[in-house]
Amino acid sequence: MTQKTCFLIGAPVDSGKRRAGCLMGPDAYRTAGLVEALSGLGHEVEDLGNLSPAPHQADAVDAPVFARNETIAWTETLSKVAMDTMARGLPVFLGGDHSLSLGSVAGVADYAASVGRPLFVIWLDAHTDFHTPQSSDSGNLHGTPVGYFTGRSDFDGFPAVANPVPEENVCMIGLRSVDTPERLALEASNIHRHDMRDIDENGIAGPLARFLDRVAAANGLLHVSLDVDFLDPSVAPAVGTTVPGGATVREGHLVCEMLHDSGLMTSLDLVELNPFLDERGRTAHLMVDLCASALGRRVFDRPTRSYN
């Protein structure tokens with residue numbers, strides 16, 4: 001296994017939706033043993049602590065788009081940190097809600113452009129997050145990052161996306177909650193998408209392997225964004241957007257083991273963990289285990305717990 005320098009970047013972003021709690025996510029990952037898990041695999045781990053958003057004006061409480069100014073400020077901060085850490089190792093963004101990917105992916109895309117390599121994104125999520133602030137009925141910006149970093153319009157006030165990720169370089173896996181505006185926009189796009197019916201009928205390994213082959217053939221960088229709700233809520237309850245019928249623990253580990261085997265992953269988001277909704281840390285521990293799988297651990301390497 002190739003040892004990496006992993007930068008843990010705490011992003012306690014809680015502005016992307018109205019239900020509070022994701023700001024506790026970064027510290028929950030630390031408490032669940034993320035540093036120990038990665039260092040135990042031989043990686044060098046540098047914890048950069050928790051970031052803060054750039055200075056910004058307070059948001060109006062009754063604005064149709066929730067916490068726009070704060071989310072813009074987080075996007076500015078995270079894109080700069082992503083650009084810096086990509087040059088030195090593998091950044092792991094500890095969320096925080098999924099609006100953090102507005103900044104993490106935009107920054108990673110800027111780095112990819114600076115070294116002359118294409119960026120690819122694997123989006124492991126129950127949702128497409130392909131809205132714009134104007135198309136979203138909820139006004140929650142955690143539903144917009146893919147729209148933003150692929151260059152959709154109507155992101156007034158946000159930093160301009162200098163290096164949009166081509167739609168055909170995005171692969172969504174695990175979809176099962178897509179509203180009509182998103183579905184129509186997605187059908188008109190070149191994004192690769194695999195909902196849970198596709199996975200049930202054809203398995204999860206095939207679509208992922210084909211996409212990884214494309215990344216390798218293009219000598220691309222690979223950003224992986226793992227949302228807690230990619231997993232079934234029966235095994236990962238600590239998320240405010242639970243959607244039944246998600247990936248199993250074994251499917252999650254298979255995806256992460258394949259990512260490691262490919263050697264292609266260059267950055268990672270762990271998002272939407274809300275410890276307030278967890279059951280004795282089980283979701284945080286599972287997400288740490290998946291991160292470890294993506295960085296070299298095999299499931300059979302993990303000691304079996306005894307409750308006798």
# chains A, B, ... in the order shown; residues from 1 in each chain; ligands from 1
call {"tool": "closest_atom_pairs", "arguments": {"of": "range 13-42 of chain A", "to": "range 78-95 of chain A", "cutoff": "9 Å", "atoms": "only C-alpha atoms", "output": "JSON lines"}}
result
{"residue": "A:Val13", "atom": "CA", "partner": "A:Gly95", "partner_atom": "CA", "distance": 6.4}
{"residue": "A:Asp14", "atom": "CA", "partner": "A:Gly95", "partner_atom": "CA", "distance": 8.7}
{"residue": "A:Cys22", "atom": "CA", "partner": "A:Gly95", "partner_atom": "CA", "distance": 6.8}
{"residue": "A:Leu23", "atom": "CA", "partner": "A:Gly95", "partner_atom": "CA", "distance": 7.2}
{"residue": "A:Met24", "atom": "CA", "partner": "A:Gly95", "partner_atom": "CA", "distance": 8.4}
{"residue": "A:Gly25", "atom": "CA", "partner": "A:Gly95", "partner_atom": "CA", "distance": 5.6}
{"residue": "A:Pro26", "atom": "CA", "partner": "A:Leu94", "partner_atom": "CA", "distance": 5.0}
{"residue": "A:Asp27", "atom": "CA", "partner": "A:Leu94", "partner_atom": "CA", "distance": 8.6}
{"residue": "A:Tyr29", "atom": "CA", "partner": "A:Leu94", "partner_atom": "CA", "distance": 7.5}
call {"tool": "write_last_selection", "arguments": {"atoms": "N, CA, C and O atoms", "output": "CSV table (one decimal), in the first residue's frame"}}
result
chain,number,residue,atom,x,y,z
A,13,VAL,N,-19.5,23.0,8.8
A,13,VAL,CA,-20.5,23.8,8.0
A,13,VAL,C,-21.9,23.4,8.4
A,13,VAL,O,-22.2,22.2,8.3
A,14,ASP,N,-22.7,24.3,8.9
A,14,ASP,CA,-24.1,24.0,9.2
A,14,ASP,C,-25.1,25.0,8.6
A,14,ASP,O,-26.2,25.1,9.1
A,22,CYS,N,-24.8,19.4,12.1
A,22,CYS,CA,-23.6,18.9,11.3
A,22,CYS,C,-22.4,19.6,11.8
A,22,CYS,O,-21.3,19.1,11.5
A,23,LEU,N,-22.5,20.7,12.4
A,23,LEU,CA,-21.2,21.4,12.9
A,23,LEU,C,-20.5,20.5,13.9
A,23,LEU,O,-19.3,20.7,14.1
A,24,MET,N,-21.1,19.5,14.5
A,24,MET,CA,-20.5,18.6,15.4
A,24,MET,C,-19.7,17.5,14.7
A,24,MET,O,-19.0,16.7,15.4
A,25,GLY,N,-19.9,17.4,13.4
A,25,GLY,CA,-19.4,16.2,12.7
A,25,GLY,C,-17.9,16.1,12.8
A,25,GLY,O,-17.4,15.0,13.1
A,26,PRO,N,-17.1,17.1,12.5
A,26,PRO,CA,-15.6,16.9,12.5
A,26,PRO,C,-15.1,16.3,13.8
A,26,PRO,O,-14.3,15.4,13.8
A,27,ASP,N,-15.6,16.8,15.0
A,27,ASP,CA,-15.1,16.3,16.2
A,27,ASP,C,-15.6,14.9,16.5
A,27,ASP,O,-15.0,14.1,17.2
A,29,TYR,N,-15.9,12.6,14.2
A,29,TYR,CA,-15.0,11.7,13.5
A,29,TYR,C,-13.7,11.5,14.3
A,29,TYR,O,-13.1,10.4,14.3
call {"tool": "residues_around", "arguments": {"residues": "range 157-169 of chain A", "least_positions_apart": "2", "cutoff": "10 Å", "atoms": "only C-alpha atoms", "output": "number ranges by chain"}}
result
A: 68-69, 71-73, 75-76, 79, 102-103, 105-114, 118-122, 146-152, 154-155, 171, 186, 189-192, 211, 214-215, 220, 222
call {"tool": "residues_around", "arguments": {"residues": "Val45 in chain A", "least_positions_apart": "2", "cutoff": "8 Å", "atoms": "only C-alpha atoms", "output": "mmCIF file with all heavy atoms, in the first residue's frame"}}
result
data_model
loop_
_atom_site.group_PDB
_atom_site.id
_atom_site.type_symbol
_atom_site.label_atom_id
_atom_site.label_comp_id
_atom_site.auth_asym_id
_atom_site.auth_seq_id
_atom_site.Cartn_x
_atom_site.Cartn_y
_atom_site.Cartn_z
ATOM 1 N N THR A 5 0.238 11.317 2.817
ATOM 2 C CA THR A 5 0.084 12.344 3.838
ATOM 3 C C THR A 5 -1.360 12.817 3.777
ATOM 4 O O THR A 5 -1.787 13.393 2.770
ATOM 5 C CB THR A 5 1.036 13.520 3.605
ATOM 6 O OG1 THR A 5 2.382 13.051 3.640
ATOM 7 C CG2 THR A 5 0.838 14.588 4.672
ATOM 8 N N CYS A 6 -2.110 12.531 4.822
ATOM 9 C CA CYS A 6 -3.530 12.861 4.868
ATOM 10 C C CYS A 6 -3.734 14.109 5.718
ATOM 11 O O CYS A 6 -3.313 14.149 6.885
ATOM 12 C CB CYS A 6 -4.343 11.709 5.457
ATOM 13 S SG CYS A 6 -4.223 10.166 4.532
ATOM 14 N N PHE A 7 -4.366 15.110 5.144
ATOM 15 C CA PHE A 7 -4.696 16.323 5.878
ATOM 16 C C PHE A 7 -6.163 16.268 6.284
ATOM 17 O O PHE A 7 -7.046 16.225 5.426
ATOM 18 C CB PHE A 7 -4.440 17.558 5.020
ATOM 19 C CG PHE A 7 -2.986 17.795 4.733
ATOM 20 C CD1 PHE A 7 -2.431 17.400 3.532
ATOM 21 C CD2 PHE A 7 -2.170 18.401 5.680
ATOM 22 C CE1 PHE A 7 -1.090 17.604 3.264
ATOM 23 C CE2 PHE A 7 -0.822 18.609 5.422
ATOM 24 C CZ PHE A 7 -0.281 18.210 4.223
ATOM 25 N N LEU A 8 -6.424 16.247 7.584
ATOM 26 C CA LEU A 8 -7.791 16.270 8.077
ATOM 27 C C LEU A 8 -8.215 17.724 8.247
ATOM 28 O O LEU A 8 -7.589 18.484 9.003
ATOM 29 C CB LEU A 8 -7.909 15.521 9.401
ATOM 30 C CG LEU A 8 -7.437 14.066 9.399
ATOM 31 C CD1 LEU A 8 -7.768 13.411 10.743
ATOM 32 C CD2 LEU A 8 -8.053 13.284 8.245
ATOM 33 N N VAL A 35 -8.097 9.583 13.248
ATOM 34 C CA VAL A 35 -6.640 9.765 13.208
ATOM 35 C C VAL A 35 -5.936 8.437 13.452
ATOM 36 O O VAL A 35 -5.007 8.059 12.720
ATOM 37 C CB VAL A 35 -6.201 10.811 14.254
ATOM 38 C CG1 VAL A 35 -4.674 10.865 14.326
ATOM 39 C CG2 VAL A 35 -6.764 12.187 13.911
ATOM 40 N N LEU A 38 -6.231 5.936 10.393
ATOM 41 C CA LEU A 38 -5.390 6.229 9.232
ATOM 42 C C LEU A 38 -3.904 6.087 9.560
ATOM 43 O O LEU A 38 -3.137 5.552 8.752
ATOM 44 C CB LEU A 38 -5.693 7.630 8.704
ATOM 45 C CG LEU A 38 -7.136 7.864 8.230
ATOM 46 C CD1 LEU A 38 -7.271 9.237 7.583
ATOM 47 C CD2 LEU A 38 -7.607 6.775 7.285
ATOM 48 N N SER A 39 -3.505 6.553 10.730
ATOM 49 C CA SER A 39 -2.096 6.398 11.097
ATOM 50 C C SER A 39 -1.744 4.927 11.301
ATOM 51 O O SER A 39 -0.620 4.501 11.011
ATOM 52 C CB SER A 39 -1.772 7.209 12.350
ATOM 53 O OG SER A 39 -2.569 6.798 13.448
ATOM 54 N N HIS A 43 -0.237 5.749 7.219
ATOM 55 C CA HIS A 43 -0.270 7.071 6.629
ATOM 56 C C HIS A 43 0.192 8.119 7.634
ATOM 57 O O HIS A 43 -0.017 7.977 8.841
ATOM 58 C CB HIS A 43 -1.688 7.422 6.160
ATOM 59 C CG HIS A 43 -2.258 6.454 5.170
ATOM 60 N ND1 HIS A 43 -1.694 6.250 3.932
ATOM 61 C CD2 HIS A 43 -3.337 5.628 5.231
ATOM 62 C CE1 HIS A 43 -2.398 5.341 3.271
ATOM 63 N NE2 HIS A 43 -3.402 4.943 4.045
ATOM 64 N N ASP A 47 -3.713 16.813 11.340
ATOM 65 C CA ASP A 47 -5.030 17.372 11.615
ATOM 66 C C ASP A 47 -4.912 18.890 11.646
ATOM 67 O O ASP A 47 -4.235 19.457 12.517
ATOM 68 C CB ASP A 47 -5.563 16.848 12.953
ATOM 69 C CG ASP A 47 -7.025 17.209 13.199
ATOM 70 O OD1 ASP A 47 -7.547 18.127 12.525
ATOM 71 O OD2 ASP A 47 -7.649 16.570 14.064
#
call {"tool": "select_by_dssp", "arguments": {"residues": "range 18-209 of chain A", "states": "helix (DSSP H, G or I)", "output": "ChimeraX atom specification"}}
result
/A:22-31,34-40,68-86,100-114,141-143,145-149,167-169,180-187,196-202,205-209
call {"tool": "select_by_dssp", "arguments": {"residues": "range 57-259 of chain A", "states": "strand (DSSP E or B)", "output": "PyMOL selection string"}}
result
chain A and resi 90-95+119-124+170-175+192-195+221-227+231+247
call {"tool": "write_last_selection", "arguments": {"atoms": "C-alpha atoms", "output": "PDB file, in the first residue's frame"}}
result
ATOM      1  CA  LEU A  90      -4.587  14.009   0.308  1.00  0.00           C
ATOM      2  CA  PRO A  91      -7.135  16.336   1.948  1.00  0.00           C
ATOM      3  CA  VAL A  92     -10.026  14.752   3.854  1.00  0.00           C
ATOM      4  CA  PHE A  93     -12.793  17.288   4.462  1.00  0.00           C
ATOM      5  CA  LEU A  94     -14.672  16.462   7.652  1.00  0.00           C
ATOM      6  CA  GLY A  95     -18.184  17.860   7.431  1.00  0.00           C
ATOM      7  CA  LEU A 119     -10.725  16.301 -12.322  1.00  0.00           C
ATOM      8  CA  PHE A 120     -13.285  13.526 -11.893  1.00  0.00           C
ATOM      9  CA  VAL A 121     -15.863  13.358  -9.090  1.00  0.00           C
ATOM     10  CA  ILE A 122     -17.634  10.354  -7.581  1.00  0.00           C
ATOM     11  CA  TRP A 123     -20.787  11.466  -5.760  1.00  0.00           C
ATOM     12  CA  LEU A 124     -21.983   8.839  -3.256  1.00  0.00           C
ATOM     13  CA  VAL A 170     -19.105  13.210 -12.633  1.00  0.00           C
ATOM     14  CA  CYS A 171     -20.519   9.853 -11.520  1.00  0.00           C
ATOM     15  CA  MET A 172     -23.402   9.654  -9.044  1.00  0.00           C
ATOM     16  CA  ILE A 173     -24.030   6.383  -7.230  1.00  0.00           C
ATOM     17  CA  GLY A 174     -26.831   5.559  -4.792  1.00  0.00           C
ATOM     18  CA  LEU A 175     -29.541   7.961  -5.979  1.00  0.00           C
ATOM     19  CA  HIS A 192     -23.211   9.451 -15.156  1.00  0.00           C
ATOM     20  CA  ARG A 193     -25.886   8.386 -12.687  1.00  0.00           C
ATOM     21  CA  HIS A 194     -26.803   5.112 -11.007  1.00  0.00           C
ATOM     22  CA  ASP A 195     -29.847   4.888  -8.773  1.00  0.00           C
ATOM     23  CA  LEU A 221      -7.416  13.363 -10.279  1.00  0.00           C
ATOM     24  CA  LEU A 222     -10.339  11.860  -8.371  1.00  0.00           C
ATOM     25  CA  HIS A 223     -12.425  13.583  -5.725  1.00  0.00           C
ATOM     26  CA  VAL A 224     -14.820  11.365  -3.755  1.00  0.00           C
ATOM     27  CA  SER A 225     -17.750  12.879  -1.871  1.00  0.00           C
ATOM     28  CA  LEU A 226     -19.337  10.470   0.607  1.00  0.00           C
ATOM     29  CA  ASP A 227     -22.663  11.529   2.136  1.00  0.00           C
ATOM     30  CA  LEU A 231     -25.977   4.379   3.284  1.00  0.00           C
ATOM     31  CA  ALA A 247     -26.374   1.045   0.335  1.00  0.00           C
TER      32      ALA A 247
END
call {"tool": "atom_distance", "arguments": {"atom1": "CA of Ser138 in chain A", "atom2": "CA of Met196 in chain A"}}
result
23.9 Å
call {"tool": "closest_residue", "arguments": {"among": "A:Asp198, A:Asp278, A:Asp97, A:Asp125", "to": "Phe230 in chain A", "atoms": "only C-alpha atoms"}}
result
A:Asp125
call {"tool": "atom_distance", "arguments": {"atom1": "CA of Val288 in chain A", "atom2": "CA of Leu41 in chain A"}}
result
12.8 Å
call {"tool": "closest_residue", "arguments": {"among": "A:Gly16, A:Gly296, A:Pro237, A:Pro275", "to": "Glu257 in chain A", "atoms": "only C-alpha atoms"}}
result
A:Gly296
call {"tool": "atom_distance", "arguments": {"atom1": "CA of Glu44 in chain A", "atom2": "CA of Thr266 in chain A"}}
result
14.8 Å
call {"tool": "residues_around", "arguments": {"residues": "Leu277 in chain A", "least_positions_apart": "2", "cutoff": "8 Å", "atoms": "only C-alpha atoms", "output": "VMD selection string"}}
result
chain A and resid 237 to 240 274 to 275 279
call {"tool": "write_last_selection", "arguments": {"atoms": "N, CA and C atoms", "output": "short mmCIF file (atom, residue, chain, number, x, y, z; two decimals), in the first residue's frame"}}
result
data_model
loop_
_atom_site.label_atom_id
_atom_site.label_comp_id
_atom_site.auth_asym_id
_atom_site.auth_seq_id
_atom_site.Cartn_x
_atom_site.Cartn_y
_atom_site.Cartn_z
N PRO A 237 -27.93 6.07 10.94
CA PRO A 237 -29.09 6.92 11.24
C PRO A 237 -28.77 8.39 11.43
N ALA A 238 -27.50 8.76 11.57
CA ALA A 238 -27.14 10.11 11.99
C ALA A 238 -27.10 11.09 10.82
N VAL A 239 -28.24 11.28 10.16
CA VAL A 239 -28.31 12.21 9.04
C VAL A 239 -29.72 12.80 9.01
N GLY A 240 -29.80 14.07 8.68
CA GLY A 240 -31.10 14.73 8.68
C GLY A 240 -31.91 14.50 7.44
N ASN A 274 -24.63 14.06 11.42
CA ASN A 274 -25.24 14.86 12.48
C ASN A 274 -25.20 14.04 13.76
N PRO A 275 -24.18 14.21 14.60
CA PRO A 275 -24.04 13.38 15.80
C PRO A 275 -25.24 13.46 16.74
N GLU A 279 -26.72 7.05 17.20
CA GLU A 279 -26.98 6.08 18.26
C GLU A 279 -25.65 5.59 18.80
#
call {"tool": "residues_around", "arguments": {"residues": "Pro233 in chain A", "least_positions_apart": "4", "cutoff": "10 Å", "atoms": "only C-alpha atoms", "output": "list in words"}}
result
Val228, Asp229, Pro237, Ala238, Val239, Thr241, Thr242, Val243, Pro244, Gly245, Gly246, Ala247, Thr248 and Thr283 of chain A
call {"tool": "write_last_selection", "arguments": {"atoms": "C-alpha atoms", "output": "PDB file, in the first residue's frame"}}
result
ATOM      1  CA  VAL A 228     -23.962   9.609   5.156  1.00  0.00           C
ATOM      2  CA  ASP A 229     -27.295   9.166   3.367  1.00  0.00           C
ATOM      3  CA  PRO A 237     -29.090   6.919  11.236  1.00  0.00           C
ATOM      4  CA  ALA A 238     -27.145  10.113  11.988  1.00  0.00           C
ATOM      5  CA  VAL A 239     -28.314  12.210   9.039  1.00  0.00           C
ATOM      6  CA  THR A 241     -32.072  13.522   5.192  1.00  0.00           C
ATOM      7  CA  THR A 242     -32.755   9.833   5.769  1.00  0.00           C
ATOM      8  CA  VAL A 243     -33.974   7.949   2.704  1.00  0.00           C
ATOM      9  CA  PRO A 244     -34.747   4.215   3.060  1.00  0.00           C
ATOM     10  CA  GLY A 245     -33.250   1.738   0.638  1.00  0.00           C
ATOM     11  CA  GLY A 246     -29.648   2.894   0.696  1.00  0.00           C
ATOM     12  CA  ALA A 247     -26.374   1.045   0.335  1.00  0.00           C
ATOM     13  CA  THR A 248     -25.537  -1.733   2.771  1.00  0.00           C
ATOM     14  CA  THR A 283     -22.697   6.208  12.227  1.00  0.00           C
TER      15      THR A 283
END
